[in-house]
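Engineer: Pasting in a structure now, in structure tokens, and then I'll have a few things to ask.
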Amino acid sequence: MLEDPLLLARLQFALTAATHYMFVALTLGLAPYILTTQFLAALRGDRSRMTAVRFWGGLYLVNYGMGILSGLVMELQLALNWSGLHEMFGYTFAAPLALETMTAFFVESTFLGLWIFGWDRMGRWAHLACFAVVTATAYASAWWVLVSNGFLRNPTGFEMVDGVAHLTDPVALMTNPAATMAFGHVVSGAMTVGALVVAATSAYHLVRRDDPHGIFRRGIRYAAIVMAVMPMFVVTFGGVQFGLFGEAPPTSGLTYTAEEIAAIEAASPGGPLLNGVNATADGVMMSMWAVLFFLGPVMLLVWPFGGLDRWRWFLAPLVVTPFAPYLASVGGWVFRETNRQPWTVVHHLTTADAVTPMTPVAAVASFAFFTVAFAVLAAVTYWLLVRYARRGPGGGPLAERREEEPAELADPVHTF
Amino acid sequence: MDVLSFASTALLALFVVGYLVLAGSDIGLGMLMPHVARGPAQRRRVVSAIAPYFLASEVWLVAAVGVLAGLFPLLEHHVVAELRPVLAAMLAAWLVRDAGLWLRARVAGPRWRLGCDAAIVAGSWTVAATWGLTVAGMLTGGLTASAFTVLCTAVVMALFALRGAAFGAERLVGPADAESADVAARVTRPLSRAALGATVLAAAAALLPGGPELSSAAPAVILAVVLAGALAATSGLVGPMLSRHTSALAIAVPGLLVAVAAQLPWAPVPAGTGVFVWVTLLPAIPVMLIGQVWLYRMTRRPAVEATFFA
């Protein structure tokens, strides 16, 4: 098994993408909540809400760091391991990614720097505007990535010139249902991830009756509303995409004839591993959403009775609920990506042709390094997130007053 | 060459050169951290000088990779085919370095900080070394085991360190640990002498077998002279004073050299993709520039108090 560079490249991509997405989902889910809270804080000059912004913002940054690290590896390994894909579909598949790097990530990272270092160096409205740009570009980033990903599922808007796809219709590329529906699905799913992380953190502190600034009281109400609304969108946008399965893309026939396509698909039935993974991912995703579908309405139901603030037996189990949307998200991605096999670009390019020709040694070395590095970094980030969430607003990385550590005290100065 | 292709090529070169000039500062300072910083307080100052910079400088390389993949797939295929192991090592080092920067301030223990500082230093050195190998590989048309490859790598590494020293001389100024800035300023002279020597040797080795295969020699000679001139100016007594500008000019040269003189497979950008990318990119350019200028201006002095990173 370890001698097959193709399998290693695929496993590496699956692990990188799944890890990256977990951090992306929380970024997308928390950003609108932080932005709204900061807007209200700036509008009313509300110190307790600003404390909330510093608290959730601290979690956002810890999570975002790992999002950047995994995103860099994601982009670079796409170029390094999948050169066949770039050679044939660079002008179509990679063009939205190019726009993502320039118009979204470039701006997002810079303005996040402005937000981090601008707390005491700019006015509150300018500071709010920086985070508005961060939020907008985070969503723009997700949009461009899904335009690229949707192209793999449903390639459209190009013609073949000497074996290279040339973009002819950018509008078709951008309005590709495989991209727009996936964007709706991912955004609504990410909102539930963010809401449940807020709910779990809030529940942890409300059980302990530890909420001097009202941060967690507001947090759990936000989560109840989002969880009552968003799962419907998740299921709707997800369900619509089933209609795209098995449908031939509009450009089918440009590369291979119908007979050749049938022969390629017949020659690679997937095997028990692929089919098993695909079915498991589908089952995990469906069962998790079935649970999440009822959580929001139940939270709304107990709200009028004060259950969201006082009922310890109700709040305590909420602490573990974030695992559900995370499992569902990873399951959803594995389901989506394995469903496309044996194709990388449906009816145009097989996965075996898309991978870079590599020596087994190189494939094993890069697979081993990045898998171990990701496992360590993801574990550290998870540990940090839980630790900061438990510490509460007083101990966050952006908290206003930080205790000076003994090792870093300034050298003593003579006063005589 | 049509307008779209020319503009796209210029954009790619701009992103690479911009990356070398801007990220050269924080990567170079990361390389010099053991030399300029003694003790935990000084190391914290070094990281707090690097931290705002790396967020806004590494995005230039990410954008360059995006342009390479989306507008020049032929060139990207060539680069990946010839330099795959070097690029994989660069990515690994980049990951290690950034992990050190992001995680450093998260745990208060001195051993954790030391581990993260080690990751920053080792990552910075490896990123600089792999950039040297990349530049050499692009000039010789693939990795070759030759004197030129070794010397070119040495030049690029010295240029990164020089850029970092010039950056540190400017940003580490502070009442408590002024010596960090002085140490950084002093080291610009030996570094530019070393870089100058390596440049002369690399130019000589370029004539040996295994040297670069250039598309045109004249621009390469001019750029080499510019590089030597910038380094010679920095080697003198006024070196530390000039180094801010000369180091930027010097580290831009390897990028420009690859852009104008290397023999690379190049294909005109097809109109469909070119128009789509440029029409979408143009409205974003002002926002990109505002963010960069604003962040660099706002963080001219490293934060005295603890920030998110250090």
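Here's how to read the names in the structure tokens: chain A, B, ... by the order shown, residue numbers from 1 in each chain, ligand numbers from 1 in the order shown.
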What are the residues of chain A that have an atom within 7 Å of an atom of chain B, counting only C-alpha atoms, as a PyMOL selection string?
Structural biologist: chain A and resi 65+69+73+80+83+86-87+90-91+94-95+97-99+101-103+106-107+109-111+113-114+166-168+170+397-398+408
Engineer: Those selected residues, please, written with N, CA and C atoms and delivered as a tab-separated table (two decimals), in the first residue's frame.
Structural biologist:
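Contents of the output file out-v1.tsv:
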```
chain	number	residue	atom	x	y	z
A	65	GLY	N	-4.97	30.79	13.12
A	65	GLY	CA	-3.56	30.45	12.89
A	65	GLY	C	-3.43	29.08	12.26
A	69	LEU	N	-2.04	27.91	8.51
A	69	LEU	CA	-0.98	26.89	8.34
A	69	LEU	C	-1.47	25.78	7.41
A	73	VAL	N	-0.36	24.79	3.28
A	73	VAL	CA	0.01	23.44	2.84
A	73	VAL	C	-0.96	22.95	1.78
A	80	LEU	N	2.00	20.91	-5.94
A	80	LEU	CA	3.12	19.97	-5.98
A	80	LEU	C	2.67	18.55	-6.35
A	83	SER	N	0.02	17.95	-10.46
A	83	SER	CA	0.42	18.78	-11.60
A	83	SER	C	-0.36	18.41	-12.87
A	86	HIS	N	-3.26	20.66	-12.99
A	86	HIS	CA	-2.92	22.04	-13.33
A	86	HIS	C	-2.55	22.17	-14.80
A	87	GLU	N	-1.88	21.13	-15.32
A	87	GLU	CA	-1.45	21.20	-16.71
A	87	GLU	C	-2.66	21.32	-17.63
A	90	GLY	N	-5.39	24.36	-15.64
A	90	GLY	CA	-4.86	25.52	-14.95
A	90	GLY	C	-5.67	26.77	-15.23
A	91	TYR	N	-6.03	26.99	-16.52
A	91	TYR	CA	-6.73	28.22	-16.89
A	91	TYR	C	-8.17	28.26	-16.39
A	94	ALA	N	-7.69	26.53	-11.79
A	94	ALA	CA	-6.81	27.29	-10.91
A	94	ALA	C	-7.03	28.79	-10.99
A	95	ALA	N	-7.75	29.28	-12.02
A	95	ALA	CA	-7.97	30.72	-12.11
A	95	ALA	C	-8.76	31.25	-10.91
A	97	LEU	N	-8.75	29.98	-8.01
A	97	LEU	CA	-7.83	29.88	-6.87
A	97	LEU	C	-6.85	31.05	-6.89
A	98	ALA	N	-6.41	31.46	-8.09
A	98	ALA	CA	-5.53	32.62	-8.20
A	98	ALA	C	-6.25	33.85	-7.66
A	99	LEU	N	-7.54	33.99	-8.01
A	99	LEU	CA	-8.29	35.13	-7.51
A	99	LEU	C	-8.49	35.04	-6.01
A	101	THR	N	-6.33	33.77	-3.87
A	101	THR	CA	-5.10	34.17	-3.20
A	101	THR	C	-4.94	35.69	-3.20
A	102	MET	N	-5.33	36.34	-4.33
A	102	MET	CA	-5.07	37.78	-4.43
A	102	MET	C	-6.17	38.62	-3.81
A	103	THR	N	-7.42	38.36	-4.21
A	103	THR	CA	-8.50	39.25	-3.77
A	103	THR	C	-9.05	38.88	-2.39
A	106	PHE	N	-4.99	37.48	0.48
A	106	PHE	CA	-4.04	38.59	0.59
A	106	PHE	C	-4.63	39.69	1.48
A	107	VAL	N	-5.88	40.08	1.19
A	107	VAL	CA	-6.54	41.15	1.94
A	107	VAL	C	-6.89	40.68	3.35
A	109	SER	N	-5.54	38.38	5.36
A	109	SER	CA	-4.42	38.26	6.28
A	109	SER	C	-3.91	39.64	6.71
A	110	THR	N	-3.85	40.59	5.73
A	110	THR	CA	-3.36	41.92	6.04
A	110	THR	C	-4.30	42.63	7.02
A	111	PHE	N	-5.60	42.57	6.73
A	111	PHE	CA	-6.55	43.27	7.60
A	111	PHE	C	-6.70	42.58	8.94
A	113	GLY	N	-4.14	41.35	10.46
A	113	GLY	CA	-3.00	41.95	11.15
A	113	GLY	C	-3.36	43.33	11.68
A	114	LEU	N	-4.06	44.12	10.84
A	114	LEU	CA	-4.48	45.45	11.29
A	114	LEU	C	-5.41	45.34	12.50
A	166	HIS	N	-9.47	25.93	-22.11
A	166	HIS	CA	-9.43	27.39	-22.14
A	166	HIS	C	-10.80	27.92	-21.74
A	167	LEU	N	-10.80	28.83	-20.77
A	167	LEU	CA	-12.05	29.39	-20.26
A	167	LEU	C	-12.74	30.20	-21.35
A	168	THR	N	-14.04	29.92	-21.60
A	168	THR	CA	-14.78	30.72	-22.58
A	168	THR	C	-15.92	31.47	-21.92
A	170	PRO	N	-16.86	32.78	-18.21
A	170	PRO	CA	-16.66	32.94	-16.76
A	170	PRO	C	-17.97	32.95	-15.98
A	397	PRO	N	-6.16	35.33	24.89
A	397	PRO	CA	-4.95	35.92	24.30
A	397	PRO	C	-5.13	37.39	23.93
A	398	LEU	N	-6.36	37.87	23.82
A	398	LEU	CA	-6.57	39.29	23.51
A	398	LEU	C	-7.08	40.06	24.72
A	408	GLU	N	9.84	37.72	32.17
A	408	GLU	CA	9.92	38.79	31.18
A	408	GLU	C	9.92	40.16	31.82
```
Engineer: Name the residues of stretch 76-290 of chain A that fall into strand (DSSP E) according to DSSP on the backbone, using the chain letters and numbers of this document, as a PyMOL selection string.
Structural biologist: chain A and resi 158-161+164-167
Engineer: Go ahead and compute the interatomic distance for atom CA of B:Leu214 and atom CA of B:Thr134, in Å to one decimal.
Structural biologist: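 We find that atom CA of B:Leu214 and atom CA of B:Thr134 lie 15.3 Å from each other.
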Engineer: Just how far from atom CA of B:Leu159 is atom CA of B:Ile251, in Å to one decimal?
Structural biologist: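 Atom CA of B:Leu159 lies at a distance of 5.6 Å from atom CA of B:Ile251.
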Engineer: Using only C-alpha atoms, determine which residues lie at most 7 Å from stretch 288-300 of chain A, disregarding the query and same-chain residues fewer than 6 positions distant; provide the list as a JSON list (two decimals) with C-alpha atoms, in the first residue's frame.
Structural biologist:
```json
[["chain", "number", "residue", "atom", "x", "y", "z"],
["A", 224, "ALA", "CA", -30.43, 28.92, 19.98],
["A", 225, "ILE", "CA", -31.61, 31.22, 17.18],
["A", 227, "MET", "CA", -29.56, 26.45, 15.47],
["A", 228, "ALA", "CA", -33.31, 26.91, 14.94],
["A", 231, "PRO", "CA", -30.03, 23.41, 9.81],
["A", 324, "ALA", "CA", -21.60, 16.76, 15.85],
["A", 325, "PRO", "CA", -21.31, 19.48, 13.18],
["A", 328, "ALA", "CA", -20.94, 16.01, 9.82]]
```
Engineer: What's around B:Leu32 at 7 Å? Count only C-alpha atoms, leave out sequence neighbours fewer than 4 positions away in its own chain, and write the answer as a PDB file with C-alpha atoms, in the first residue's frame.
Structural biologist:
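Written out: part_32.pdb:
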```
ATOM      1  CA  GLY B  28      16.225  37.343   7.718  1.00  0.00           C
ATOM      2  CA  VAL B  36      20.920  39.709  17.930  1.00  0.00           C
ATOM      3  CA  ALA B 161      20.294  37.653   6.427  1.00  0.00           C
TER       4      ALA B 161
END
```
Engineer: Can you list, as a ChimeraX atom specification, every protein, DNA or RNA residue that comes within 12 Å of A:Ala200 when you count only C-alpha atoms, leaving out same-chain residues fewer than 6 positions away?
Structural biologist: /A:192-194,206-207,216-217,219-224,308,314-324,385-386,389-390
Engineer: Pull C-alpha atoms from the residues just selected and write them as an mmCIF file, in the first residue's frame.
Structural biologist:
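In the end it all went to out-v7.cif:
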```
data_model
loop_
_atom_site.group_PDB
_atom_site.id
_atom_site.type_symbol
_atom_site.label_atom_id
_atom_site.label_comp_id
_atom_site.auth_asym_id
_atom_site.auth_seq_id
_atom_site.Cartn_x
_atom_site.Cartn_y
_atom_site.Cartn_z
ATOM 1 C CA THR A 192 -23.935 25.906 12.955
ATOM 2 C CA VAL A 193 -20.320 25.025 13.817
ATOM 3 C CA GLY A 194 -19.752 28.570 15.074
ATOM 4 C CA LEU A 206 -23.337 29.165 32.706
ATOM 5 C CA VAL A 207 -23.296 25.793 34.487
ATOM 6 C CA PHE A 216 -22.434 33.714 27.779
ATOM 7 C CA ARG A 217 -26.050 34.676 28.397
ATOM 8 C CA GLY A 219 -23.973 33.671 23.424
ATOM 9 C CA ILE A 220 -26.360 30.849 24.199
ATOM 10 C CA ARG A 221 -29.329 32.865 22.926
ATOM 11 C CA TYR A 222 -27.509 33.552 19.672
ATOM 12 C CA ALA A 223 -26.781 29.836 19.357
ATOM 13 C CA ALA A 224 -30.429 28.922 19.979
ATOM 14 C CA LEU A 308 -30.911 28.512 28.800
ATOM 15 C CA PHE A 314 -29.865 20.937 30.074
ATOM 16 C CA LEU A 315 -26.720 23.035 29.685
ATOM 17 C CA ALA A 316 -24.147 20.432 30.670
ATOM 18 C CA PRO A 317 -24.628 18.137 27.623
ATOM 19 C CA LEU A 318 -24.365 21.139 25.267
ATOM 20 C CA VAL A 319 -20.625 21.225 25.998
ATOM 21 C CA VAL A 320 -20.010 18.229 23.724
ATOM 22 C CA THR A 321 -22.382 19.259 20.896
ATOM 23 C CA PRO A 322 -19.705 20.892 18.662
ATOM 24 C CA PHE A 323 -18.388 17.434 17.802
ATOM 25 C CA ALA A 324 -21.596 16.762 15.854
ATOM 26 C CA LEU A 385 -9.044 26.344 22.082
ATOM 27 C CA VAL A 386 -10.501 24.265 24.909
ATOM 28 C CA ALA A 389 -12.660 28.662 26.209
ATOM 29 C CA ARG A 390 -12.545 27.359 29.805
#
```
Engineer: Counting only C-alpha atoms, what is within 10 Å of A:Tyr256, bar same-chain residues fewer than 6 positions away, as number ranges by chain?
Structural biologist: A: 262, 264, 347-349
Engineer: Contacts of B:Leu191 at 9 Å or less, counting only C-alpha atoms, minus same-chain residues fewer than 5 places along, as JSON, numbers by chain?
Structural biologist: {"B": [158, 159, 161, 162, 165, 196, 235]}
Engineer: Could you write out that same residue set with C-alpha atoms as a PDB file, in the first residue's frame?
Structural biologist:
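In the end it all went to again_21.pdb:
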```pdb
ATOM      1  CA  ALA B 158      23.383  36.059   2.764  1.00  0.00           C
ATOM      2  CA  LEU B 159      20.943  38.480   1.117  1.00  0.00           C
ATOM      3  CA  ALA B 161      20.294  37.653   6.427  1.00  0.00           C
ATOM      4  CA  LEU B 162      21.415  41.127   5.303  1.00  0.00           C
ATOM      5  CA  ALA B 165      19.889  42.733   9.781  1.00  0.00           C
ATOM      6  CA  LEU B 196      29.735  40.381  -2.230  1.00  0.00           C
ATOM      7  CA  SER B 235      30.310  47.074   3.032  1.00  0.00           C
TER       8      SER B 235
END
```
Engineer: A:Arg209, A:Ala375, A:Leu59, A:Phe105: which is nearest A:Trp311, counting only C-alpha atoms?
Structural biologist: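 The answer is A:Arg209, which sits nearest to A:Trp311.
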Engineer: Expressed in Å to a single decimal, how great is the separation between atom CA of A:Tyr64 and atom CA of A:Leu40?
Structural biologist: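 Separating atom CA of A:Tyr64 from atom CA of A:Leu40 is a distance of 23.1 Å.
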Engineer: Can you tell me, as a VMD selection string, which residues in stretch 267-367 of chain A count as alpha helix (DSSP H) by DSSP?
Structural biologist: chain A and resid 267 271 to 302 307 to 310 312 to 315 323 to 339 351 to 354 360 to 367
Engineer: Include C-alpha atoms and write out the residues we just selected as a compact mmCIF listing (two decimals), in the first residue's frame.
Structural biologist:
```
# COMPACT_ATOMS: atom_id res chain seq x y z
CA ALA A 267 -12.64 -0.27 -15.29
CA GLY A 271 -13.31 -1.14 -4.59
CA PRO A 272 -14.53 -1.95 -1.09
CA LEU A 273 -12.31 0.68 0.59
CA LEU A 274 -13.65 3.61 -1.43
CA ASN A 275 -17.27 2.44 -1.30
CA GLY A 276 -17.02 1.75 2.43
CA VAL A 277 -15.53 5.17 3.14
CA ASN A 278 -18.15 6.81 0.97
CA ALA A 279 -21.07 5.03 2.69
CA THR A 280 -19.66 5.65 6.20
CA ALA A 281 -19.18 9.35 5.49
CA ASP A 282 -22.73 9.59 4.17
CA GLY A 283 -24.10 7.82 7.27
CA VAL A 284 -22.14 10.02 9.69
CA MET A 285 -23.22 13.19 7.94
CA MET A 286 -26.92 12.21 7.83
CA SER A 287 -27.17 10.99 11.42
CA MET A 288 -25.39 14.06 12.81
CA TRP A 289 -27.69 16.42 10.95
CA ALA A 290 -30.72 14.45 12.13
CA VAL A 291 -29.61 15.15 15.71
CA LEU A 292 -28.75 18.80 15.03
CA PHE A 293 -32.08 19.42 13.35
CA PHE A 294 -33.89 19.08 16.68
CA LEU A 295 -31.40 20.85 18.92
CA GLY A 296 -32.38 24.42 17.94
CA PRO A 297 -36.14 24.02 18.42
CA VAL A 298 -35.54 22.35 21.82
CA MET A 299 -33.33 25.28 22.86
CA LEU A 300 -36.05 27.73 21.78
CA LEU A 301 -38.58 25.70 23.74
CA VAL A 302 -36.69 25.89 27.05
CA GLY A 307 -33.66 26.87 30.85
CA LEU A 308 -30.91 28.51 28.80
CA ASP A 309 -29.60 30.26 31.90
CA ARG A 310 -30.40 28.02 34.84
CA ARG A 312 -27.71 22.72 34.63
CA TRP A 313 -28.92 19.32 33.39
CA PHE A 314 -29.87 20.94 30.07
CA LEU A 315 -26.72 23.03 29.68
CA PHE A 323 -18.39 17.43 17.80
CA ALA A 324 -21.60 16.76 15.85
CA PRO A 325 -21.31 19.48 13.18
CA TYR A 326 -17.54 18.84 12.88
CA LEU A 327 -18.14 15.15 12.22
CA ALA A 328 -20.94 16.01 9.82
CA SER A 329 -18.72 18.51 7.93
CA VAL A 330 -15.81 16.12 7.52
CA GLY A 331 -18.22 13.34 6.57
CA GLY A 332 -19.83 15.63 4.03
CA TRP A 333 -16.51 16.49 2.38
CA VAL A 334 -15.34 12.88 2.26
CA PHE A 335 -18.71 11.91 0.76
CA ARG A 336 -18.52 14.67 -1.86
CA GLU A 337 -14.94 13.98 -2.89
CA THR A 338 -15.11 10.17 -2.93
CA ASN A 339 -18.33 10.35 -4.93
CA THR A 351 -7.40 10.91 -10.60
CA ALA A 352 -4.61 8.61 -11.76
CA ASP A 353 -3.75 11.05 -14.58
CA ALA A 354 -4.00 14.12 -12.34
CA PRO A 360 7.62 6.28 -3.82
CA VAL A 361 10.34 7.63 -1.50
CA ALA A 362 9.38 11.25 -2.15
CA ALA A 363 5.69 10.44 -1.74
CA VAL A 364 6.24 8.61 1.55
CA ALA A 365 8.52 11.35 2.91
CA SER A 366 6.12 14.20 2.17
CA PHE A 367 3.11 12.17 3.35
```
